[in-house]
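Okay, input07.pdb is below, PDB, C-alpha atoms and all ligand atoms:
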ATOM      1  CA  MET A   1     236.040  58.737-128.875
ATOM      2  CA  LYS A   2     235.486  57.618-132.423
ATOM      3  CA  SER A   3     235.770  53.936-131.429
ATOM      4  CA  LYS A   4     233.243  54.532-128.596
ATOM      5  CA  ILE A   5     230.747  55.954-131.097
ATOM      6  CA  ASN A   6     231.452  53.091-133.481
ATOM      7  CA  SER A   7     230.844  50.474-130.816
ATOM      8  CA  SER A   8     227.600  52.209-129.731
ATOM      9  CA  VAL A   9     226.378  52.221-133.299
ATOM     10  CA  LEU A  10     227.331  48.558-133.614
ATOM     11  CA  ILE A  11     225.452  47.640-130.417
ATOM     12  CA  LEU A  12     222.380  49.561-131.601
ATOM     13  CA  PHE A  13     222.582  47.831-134.950
ATOM     14  CA  VAL A  14     222.824  44.382-133.360
ATOM     15  CA  LEU A  15     219.967  45.149-130.962
ATOM     16  CA  SER A  16     217.692  46.401-133.721
ATOM     17  CA  PHE A  17     218.545  43.352-135.822
ATOM     18  CA  MET A  18     217.685  41.052-132.902
ATOM     19  CA  LEU A  19     214.411  42.840-132.244
ATOM     20  CA  THR A  20     213.434  42.777-135.914
ATOM     21  CA  SER A  21     214.237  39.103-136.315
ATOM     22  CA  CYS A  22     212.373  38.254-133.080
ATOM     23  CA  TYR A  23     209.354  40.166-134.338
ATOM     24  CA  GLU A  24     209.474  38.452-137.700
ATOM     25  CA  LYS A  25     209.887  35.032-136.160
ATOM     26  CA  SER A  26     207.099  35.404-133.588
ATOM     27  CA  PRO A  27     204.213  33.394-135.001
ATOM     28  CA  LYS A  28     201.040  35.166-135.988
ATOM     29  CA  LYS A  29     198.410  34.848-133.263
ATOM     30  CA  GLU A  30     196.401  31.813-134.186
ATOM     31  CA  THR A  31     192.774  31.306-133.342
ATOM     32  CA  PRO A  32     192.695  29.122-130.193
ATOM     33  CA  LYS A  33     192.369  25.417-130.833
ATOM     34  CA  GLU A  34     189.051  25.123-129.017
ATOM     35  CA  VAL A  35     187.515  27.752-131.313
ATOM     36  CA  ARG A  36     189.067  26.183-134.416
ATOM     37  CA  TRP A  37     187.596  22.825-133.390
ATOM     38  CA  VAL A  38     184.136  24.371-133.509
ATOM     39  CA  THR A  39     184.661  26.241-136.770
ATOM     40  CA  GLU A  40     186.898  23.844-138.699
ATOM     41  CA  SER A  41     186.415  20.265-137.554
ATOM     42  CA  VAL A  42     183.975  17.842-139.108
ATOM     43  CA  GLU A  43     183.800  16.082-135.756
ATOM     44  CA  TYR A  44     182.017  19.114-134.300
ATOM     45  CA  ILE A  45     179.365  18.959-137.022
ATOM     46  CA  GLY A  46     179.074  15.205-136.479
ATOM     47  CA  ILE A  47     178.530  15.434-132.724
ATOM     48  CA  CYS A  48     175.905  18.160-133.048
ATOM     49  CA  LYS A  49     174.000  16.315-135.764
ATOM     50  CA  GLN A  50     174.287  13.050-133.870
ATOM     51  CA  THR A  51     172.905  14.640-130.700
ATOM     52  CA  TYR A  52     169.886  16.116-132.430
ATOM     53  CA  ALA A  53     169.210  12.984-134.501
ATOM     54  CA  MET A  54     169.304  10.736-131.417
ATOM     55  CA  ALA A  55     167.213  13.222-129.494
ATOM     56  CA  TRP A  56     164.561  13.218-132.206
ATOM     57  CA  ASP A  57     164.157   9.429-131.947
ATOM     58  CA  ARG A  58     163.716   9.725-128.225
ATOM     59  CA  VAL A  59     161.427  12.774-128.281
ATOM     60  CA  ARG A  60     159.149  11.165-130.852
ATOM     61  CA  SER A  61     158.672   8.035-128.757
ATOM     62  CA  THR A  62     158.322   9.941-125.465
ATOM     63  CA  ALA A  63     155.745  12.263-127.048
ATOM     64  CA  GLU A  64     153.658   9.256-128.089
ATOM     65  CA  SER A  65     153.258   8.183-124.474
ATOM     66  CA  THR A  66     152.758  11.691-123.060
ATOM     67  CA  ASN A  67     149.292  13.042-122.362
ATOM     68  CA  GLY A  68     148.613  16.737-122.776
ATOM     69  CA  PRO A  69     150.947  19.575-123.726
ATOM     70  CA  TRP A  70     154.683  18.967-123.538
ATOM     71  CA  ALA A  71     157.794  20.948-124.326
ATOM     72  CA  VAL A  72     161.330  20.505-125.467
ATOM     73  CA  VAL A  73     163.456  23.154-123.738
ATOM     74  CA  LEU A  74     166.574  24.451-125.388
ATOM     75  CA  ASP A  75     169.295  26.800-124.280
ATOM     76  CA  VAL A  76     170.289  29.244-127.063
ATOM     77  CA  ASP A  77     174.035  29.949-127.153
ATOM     78  CA  GLU A  78     176.137  27.019-128.385
ATOM     79  CA  THR A  79     172.989  24.871-128.286
ATOM     80  CA  VAL A  80     170.870  26.462-130.997
ATOM     81  CA  LEU A  81     172.989  29.421-132.123
ATOM     82  CA  ASN A  82     176.721  29.250-132.791
ATOM     83  CA  ASN A  83     178.755  32.249-131.596
ATOM     84  CA  ALA A  84     182.213  31.062-132.663
ATOM     85  CA  GLN A  85     182.593  34.156-134.869
ATOM     86  CA  TYR A  86     182.298  36.334-131.768
ATOM     87  CA  GLU A  87     185.081  34.298-130.140
ATOM     88  CA  ILE A  88     187.259  34.690-133.248
ATOM     89  CA  GLU A  89     186.762  38.445-133.306
ATOM     90  CA  LEU A  90     187.517  38.760-129.578
ATOM     91  CA  HIS A  91     190.754  36.905-130.112
ATOM     92  CA  GLN A  92     191.728  39.008-133.129
ATOM     93  CA  LYS A  93     191.243  42.146-131.046
ATOM     94  CA  GLY A  94     193.118  40.653-128.097
ATOM     95  CA  GLU A  95     190.032  41.031-125.919
ATOM     96  CA  THR A  96     188.168  38.802-123.517
ATOM     97  CA  PHE A  97     184.403  38.619-123.010
ATOM     98  CA  SER A  98     182.728  41.883-122.037
ATOM     99  CA  SER A  99     179.048  42.713-121.850
ATOM    100  CA  GLN A 100     179.698  45.625-124.237
ATOM    101  CA  SER A 101     181.194  43.496-127.038
ATOM    102  CA  TRP A 102     178.627  40.759-126.374
ATOM    103  CA  THR A 103     175.739  43.219-126.756
ATOM    104  CA  ALA A 104     177.238  44.489-130.022
ATOM    105  CA  TRP A 105     177.509  40.892-131.268
ATOM    106  CA  VAL A 106     173.943  39.982-130.243
ATOM    107  CA  GLU A 107     172.619  43.129-131.921
ATOM    108  CA  ARG A 108     174.325  42.103-135.180
ATOM    109  CA  ARG A 109     172.152  38.964-135.264
ATOM    110  CA  ASP A 110     174.962  37.091-137.016
ATOM    111  CA  ALA A 111     175.059  33.865-134.986
ATOM    112  CA  THR A 112     174.516  30.773-137.125
ATOM    113  CA  ALA A 113     172.424  27.644-136.587
ATOM    114  CA  ILE A 114     174.031  24.707-134.786
ATOM    115  CA  PRO A 115     174.186  21.705-137.156
ATOM    116  CA  GLY A 116     171.093  19.508-136.916
ATOM    117  CA  VAL A 117     168.953  21.835-134.826
ATOM    118  CA  LYS A 118     166.713  23.148-137.610
ATOM    119  CA  GLN A 119     165.652  19.676-138.712
ATOM    120  CA  PHE A 120     165.067  18.687-135.101
ATOM    121  CA  LEU A 121     162.857  21.704-134.361
ATOM    122  CA  ASP A 122     160.907  21.236-137.589
ATOM    123  CA  ASN A 123     160.326  17.604-136.633
ATOM    124  CA  VAL A 124     159.183  18.503-133.116
ATOM    125  CA  ARG A 125     156.714  21.079-134.404
ATOM    126  CA  SER A 126     155.277  18.466-136.781
ATOM    127  CA  LEU A 127     154.013  16.468-133.791
ATOM    128  CA  GLY A 128     150.843  18.491-133.349
ATOM    129  CA  GLU A 129     149.256  20.989-131.039
ATOM    130  CA  ASN A 130     150.617  19.487-127.812
ATOM    131  CA  ALA A 131     154.214  20.052-128.951
ATOM    132  CA  PHE A 132     155.952  23.235-127.781
ATOM    133  CA  VAL A 133     159.435  24.602-128.368
ATOM    134  CA  VAL A 134     160.768  26.690-125.487
ATOM    135  CA  PHE A 135     164.070  28.561-125.431
ATOM    136  CA  ILE A 136     165.539  29.320-122.015
ATOM    137  CA  THR A 137     168.590  31.520-122.336
ATOM    138  CA  ASN A 138     170.761  33.600-120.048
ATOM    139  CA  ARG A 139     170.834  36.306-122.672
ATOM    140  CA  ASP A 140     169.484  39.375-120.862
ATOM    141  CA  ALA A 141     165.846  40.325-121.311
ATOM    142  CA  HIS A 142     166.844  43.407-123.344
ATOM    143  CA  HIS A 143     168.415  41.061-125.909
ATOM    144  CA  GLU A 144     165.143  39.234-126.516
ATOM    145  CA  LYS A 145     164.178  40.994-129.739
ATOM    146  CA  ALA A 146     167.610  40.642-131.333
ATOM    147  CA  THR A 147     167.692  36.985-130.281
ATOM    148  CA  ILE A 148     164.299  36.229-131.830
ATOM    149  CA  ASP A 149     165.375  38.102-134.986
ATOM    150  CA  ASN A 150     168.511  35.976-135.187
ATOM    151  CA  LEU A 151     166.484  32.785-134.671
ATOM    152  CA  ILE A 152     164.082  33.877-137.423
ATOM    153  CA  LYS A 153     167.037  34.646-139.720
ATOM    154  CA  GLU A 154     168.267  31.087-139.203
ATOM    155  CA  GLN A 155     164.732  29.650-139.610
ATOM    156  CA  LEU A 156     164.711  28.383-136.049
ATOM    157  CA  TRP A 157     161.746  30.346-134.694
ATOM    158  CA  HIS A 158     158.059  29.769-135.322
ATOM    159  CA  ASP A 159     154.869  31.354-134.023
ATOM    160  CA  GLY A 160     153.886  29.677-130.781
ATOM    161  CA  ASP A 161     157.486  29.213-129.609
ATOM    162  CA  VAL A 162     158.329  30.601-126.183
ATOM    163  CA  ILE A 163     161.539  32.358-125.147
ATOM    164  CA  LEU A 164     162.485  33.113-121.552
ATOM    165  CA  CYS A 165     165.507  35.397-121.262
ATOM    166  CA  ARG A 166     167.120  36.250-117.927
ATOM    167  CA  LYS A 167     165.477  39.117-116.047
ATOM    168  CA  GLU A 168     168.259  39.452-113.502
ATOM    169  CA  LYS A 169     171.037  37.313-112.065
ATOM    170  CA  SER A 170     168.752  35.608-109.561
ATOM    171  CA  ASP A 171     166.415  34.506-112.372
ATOM    172  CA  THR A 172     167.840  30.997-112.634
ATOM    173  CA  LYS A 173     166.995  28.558-115.378
ATOM    174  CA  GLN A 174     165.314  26.341-112.776
ATOM    175  CA  ILE A 175     162.906  29.184-111.940
ATOM    176  CA  ARG A 176     162.061  29.480-115.621
ATOM    177  CA  ARG A 177     161.699  25.711-116.089
ATOM    178  CA  ASN A 178     159.209  25.738-113.220
ATOM    179  CA  GLU A 179     157.227  28.546-114.865
ATOM    180  CA  ILE A 180     156.829  26.365-117.957
ATOM    181  CA  ILE A 181     155.708  23.331-115.943
ATOM    182  CA  GLU A 182     153.327  25.291-113.692
ATOM    183  CA  ALA A 183     152.212  27.884-116.285
ATOM    184  CA  SER A 184     153.183  30.599-113.815
ATOM    185  CA  GLY A 185     155.062  33.911-114.001
ATOM    186  CA  ARG A 186     155.952  34.673-117.604
ATOM    187  CA  CYS A 187     154.090  31.535-118.713
ATOM    188  CA  ALA A 188     150.819  32.447-116.986
ATOM    189  CA  GLY A 189     147.935  31.909-119.385
ATOM    190  CA  LEU A 190     149.791  29.296-121.399
ATOM    191  CA  PRO A 191     148.968  25.604-120.941
ATOM    192  CA  LYS A 192     150.928  23.684-118.294
ATOM    193  CA  LYS A 193     153.543  21.555-119.994
ATOM    194  CA  GLN A 194     155.629  18.535-119.188
ATOM    195  CA  ILE A 195     159.271  19.008-120.142
ATOM    196  CA  ILE A 196     160.214  15.877-122.044
ATOM    197  CA  ALA A 197     163.700  16.918-123.194
ATOM    198  CA  LEU A 198     166.329  19.507-122.279
ATOM    199  CA  PHE A 199     169.137  20.690-124.555
ATOM    200  CA  GLY A 200     172.211  22.640-123.517
ATOM    201  CA  ASP A 201     175.961  23.025-123.489
ATOM    202  CA  ASN A 202     176.132  23.785-119.772
ATOM    203  CA  LEU A 203     175.261  21.767-116.684
ATOM    204  CA  LYS A 204     172.898  24.529-115.575
ATOM    205  CA  ASP A 205     170.789  23.928-118.662
ATOM    206  CA  PHE A 206     169.781  20.675-116.966
ATOM    207  CA  TYR A 207     170.304  21.039-113.216
ATOM    208  CA  GLU A 208     170.117  23.681-110.544
ATOM    209  CA  VAL A 209     173.673  23.685-109.181
ATOM    210  CA  ASP A 210     173.576  24.488-105.488
ATOM    211  CA  GLY A 211     177.117  25.492-104.528
ATOM    212  CA  THR A 212     180.132  23.201-104.264
ATOM    213  CA  ALA A 213     178.260  20.561-102.260
ATOM    214  CA  GLY A 214     175.518  20.493-104.871
ATOM    215  CA  LEU A 215     178.029  20.152-107.659
ATOM    216  CA  THR A 216     179.762  17.246-105.934
ATOM    217  CA  LYS A 217     176.405  15.513-105.538
ATOM    218  CA  ILE A 218     175.559  15.981-109.225
ATOM    219  CA  LYS A 219     179.020  14.842-110.285
ATOM    220  CA  ASP A 220     178.884  11.750-108.094
ATOM    221  CA  ALA A 221     175.441  10.863-109.432
ATOM    222  CA  ALA A 222     176.180  11.661-113.084
ATOM    223  CA  MET A 223     177.417   8.203-114.005
ATOM    224  CA  GLN A 224     174.175   6.659-112.741
ATOM    225  CA  ASP A 225     171.837   9.375-113.998
ATOM    226  CA  SER A 226     169.933   7.716-116.809
ATOM    227  CA  ARG A 227     168.510  11.014-118.057
ATOM    228  CA  TRP A 228     171.689  11.725-120.053
ATOM    229  CA  GLY A 229     170.775  10.736-123.593
ATOM    230  CA  THR A 230     167.136  10.078-122.746
ATOM    231  CA  LYS A 231     165.948  13.449-121.460
ATOM    232  CA  PHE A 232     169.184  15.489-121.256
ATOM    233  CA  PHE A 233     171.010  16.153-124.527
ATOM    234  CA  VAL A 234     174.351  17.952-124.438
ATOM    235  CA  LEU A 235     175.921  19.946-127.237
ATOM    236  CA  PRO A 236     179.700  20.369-127.259
ATOM    237  CA  ASN A 237     181.221  23.709-126.244
ATOM    238  CA  PRO A 238     184.955  23.667-125.554
ATOM    239  CA  MET A 239     185.201  27.485-125.874
ATOM    240  CA  TYR A 240     183.681  28.677-122.590
ATOM    241  CA  GLY A 241     181.234  27.659-119.895
ATOM    242  CA  SER A 242     180.524  27.821-116.202
ATOM    243  CA  TRP A 243     182.659  24.669-115.771
ATOM    244  CA  VAL A 244     185.684  27.018-116.140
ATOM    245  CA  ASP A 245     184.866  28.536-112.728
ATOM    246  CA  ALA A 246     183.478  25.380-111.109
ATOM    247  CA  TYR A 247     179.895  26.377-112.004
ATOM    248  CA  LYS A 248     179.846  29.408-109.669
TER     249      LYS A 248
HETATM  250 MG    MG A 301     174.707  27.891-123.875
END
What does this structure look like when you write it as structure tokens?
Amino acid sequence: MKSKINSSVLILFVLSFMLTSCYEKSPKKETPKEVRWVTESVEYIGICKQTYAMAWDRVRSTAESTNGPWAVVLDVDETVLNNAQYEIELHQKGETFSSQSWTAWVERRDATAIPGVKQFLDNVRSLGENAFVVFITNRDAHHEKATIDNLIKEQLWHDGDVILCRKEKSDTKQIRRNEIIEASGRCAGLPKKQIIALFGDNLKDFYEVDGTAGLTKIKDAAMQDSRWGTKFFVLPNPMYGSWVDAYK
């Protein structure tokens, strides 16, 4: 009997030792590489600055040969505002994206400016009364005030800028781009504008993606589409995007 108890105690001891050593050896959860690349790498800063610097050259020359009002259209998240801190906090809490945590993050107004964007926007606004800055974002309409506040905090918003948030799921970015061009809907009363440059981290910031067939068409044409780098300017976002789910 005594030896049975002894062996049970021994087994328990060995098991608890194994569990403790496993726990101690398991590495601390690290921030995912794609998030670290955004927050820690110099390459990320370089690509963002490079994109906005090259875009400025192009926008300046296109504006010179454009008659009447024109606009540069920018997405917000990961194009103008950096939300890597939200991603870090999600990871620390072991959570994935939820509209609840996203709303709390947006309301904090803590997103930071993407490298190079402030200088670019200041330059664009220096080009006179025909120059307009328009933000088209899939942040919900009820996030508009917090978004403008955050843009103001980062010195990215000026009087005369336009922001078009998403009213509902069917309110695509293409619908909103058309409102800018035609001065219709939310842009009624504003001057009609030519869009001379688009900025985004997601294909849908540039194109309407019409299902799988539409995506294939865009993909097949992408290599020949000369608008990349002349009218379309992409910011890097390895953290998330509609590419993850084939742009559905
Ligand atoms: Mg975005």
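Here atom CA of A:Val106 stands at a distance of 28.5 Å from atom CA of A:Ile181.
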Requested in this report: Pick out the closest residue to ligand MG 301 (chain A) from this set: A:Trp56, A:Phe199, A:Phe97, A:Tyr247. Count all atoms listed in the file.
Outcome: A:Phe199
**Report entry** Nearby residues, ligand MG 301 (chain A), 7 Å, all atoms listed in the file, as number ranges by chain
**Finding:** A: 75-79, 200-202
Mind writing the picked residues with C-alpha atoms as a PDB file, in the frame of the given file?
ATOM      1  CA  ASP A  75     169.295  26.800-124.280  1.00  0.00           C
ATOM      2  CA  VAL A  76     170.289  29.244-127.063  1.00  0.00           C
ATOM      3  CA  ASP A  77     174.035  29.949-127.153  1.00  0.00           C
ATOM      4  CA  GLU A  78     176.137  27.019-128.385  1.00  0.00           C
ATOM      5  CA  THR A  79     172.989  24.871-128.286  1.00  0.00           C
ATOM      6  CA  GLY A 200     172.211  22.640-123.517  1.00  0.00           C
ATOM      7  CA  ASP A 201     175.961  23.025-123.489  1.00  0.00           C
ATOM      8  CA  ASN A 202     176.132  23.785-119.772  1.00  0.00           C
TER       9      ASN A 202
END
Query raised in the report: In Å, how far is it from atom CA of A:Val234 to atom CA of A:Met54?
Result: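 Between atom CA of A:Val234 and atom CA of A:Met54 the gap works out to 11.2 Å.
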Report task. Specify as a VMD selection string each residue included when the PyMOL selection byres (((chain A and resi 178-180) around 9) and not hetatm) is applied to this file. Result -> chain A and resid 71 134 173 to 177 181 to 188 190 to 195
Output C-alpha atoms for every residue in that selection, as a PDB file, in the coordinates of the input.
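Saved file again29.pdb follows:
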ATOM      1  CA  ALA A  71     157.794  20.948-124.326  1.00  0.00           C
ATOM      2  CA  VAL A 134     160.768  26.690-125.487  1.00  0.00           C
ATOM      3  CA  LYS A 173     166.995  28.558-115.378  1.00  0.00           C
ATOM      4  CA  GLN A 174     165.314  26.341-112.776  1.00  0.00           C
ATOM      5  CA  ILE A 175     162.906  29.184-111.940  1.00  0.00           C
ATOM      6  CA  ARG A 176     162.061  29.480-115.621  1.00  0.00           C
ATOM      7  CA  ARG A 177     161.699  25.711-116.089  1.00  0.00           C
ATOM      8  CA  ILE A 181     155.708  23.331-115.943  1.00  0.00           C
ATOM      9  CA  GLU A 182     153.327  25.291-113.692  1.00  0.00           C
ATOM     10  CA  ALA A 183     152.212  27.884-116.285  1.00  0.00           C
ATOM     11  CA  SER A 184     153.183  30.599-113.815  1.00  0.00           C
ATOM     12  CA  GLY A 185     155.062  33.911-114.001  1.00  0.00           C
ATOM     13  CA  ARG A 186     155.952  34.673-117.604  1.00  0.00           C
ATOM     14  CA  CYS A 187     154.090  31.535-118.713  1.00  0.00           C
ATOM     15  CA  ALA A 188     150.819  32.447-116.986  1.00  0.00           C
ATOM     16  CA  LEU A 190     149.791  29.296-121.399  1.00  0.00           C
ATOM     17  CA  PRO A 191     148.968  25.604-120.941  1.00  0.00           C
ATOM     18  CA  LYS A 192     150.928  23.684-118.294  1.00  0.00           C
ATOM     19  CA  LYS A 193     153.543  21.555-119.994  1.00  0.00           C
ATOM     20  CA  GLN A 194     155.629  18.535-119.188  1.00  0.00           C
ATOM     21  CA  ILE A 195     159.271  19.008-120.142  1.00  0.00           C
TER      22      ILE A 195
END
Query raised in the report: Any idea what the distance is between atom CA of A:Leu81 and atom CA of A:Thr137?
Result: 10.9 Å
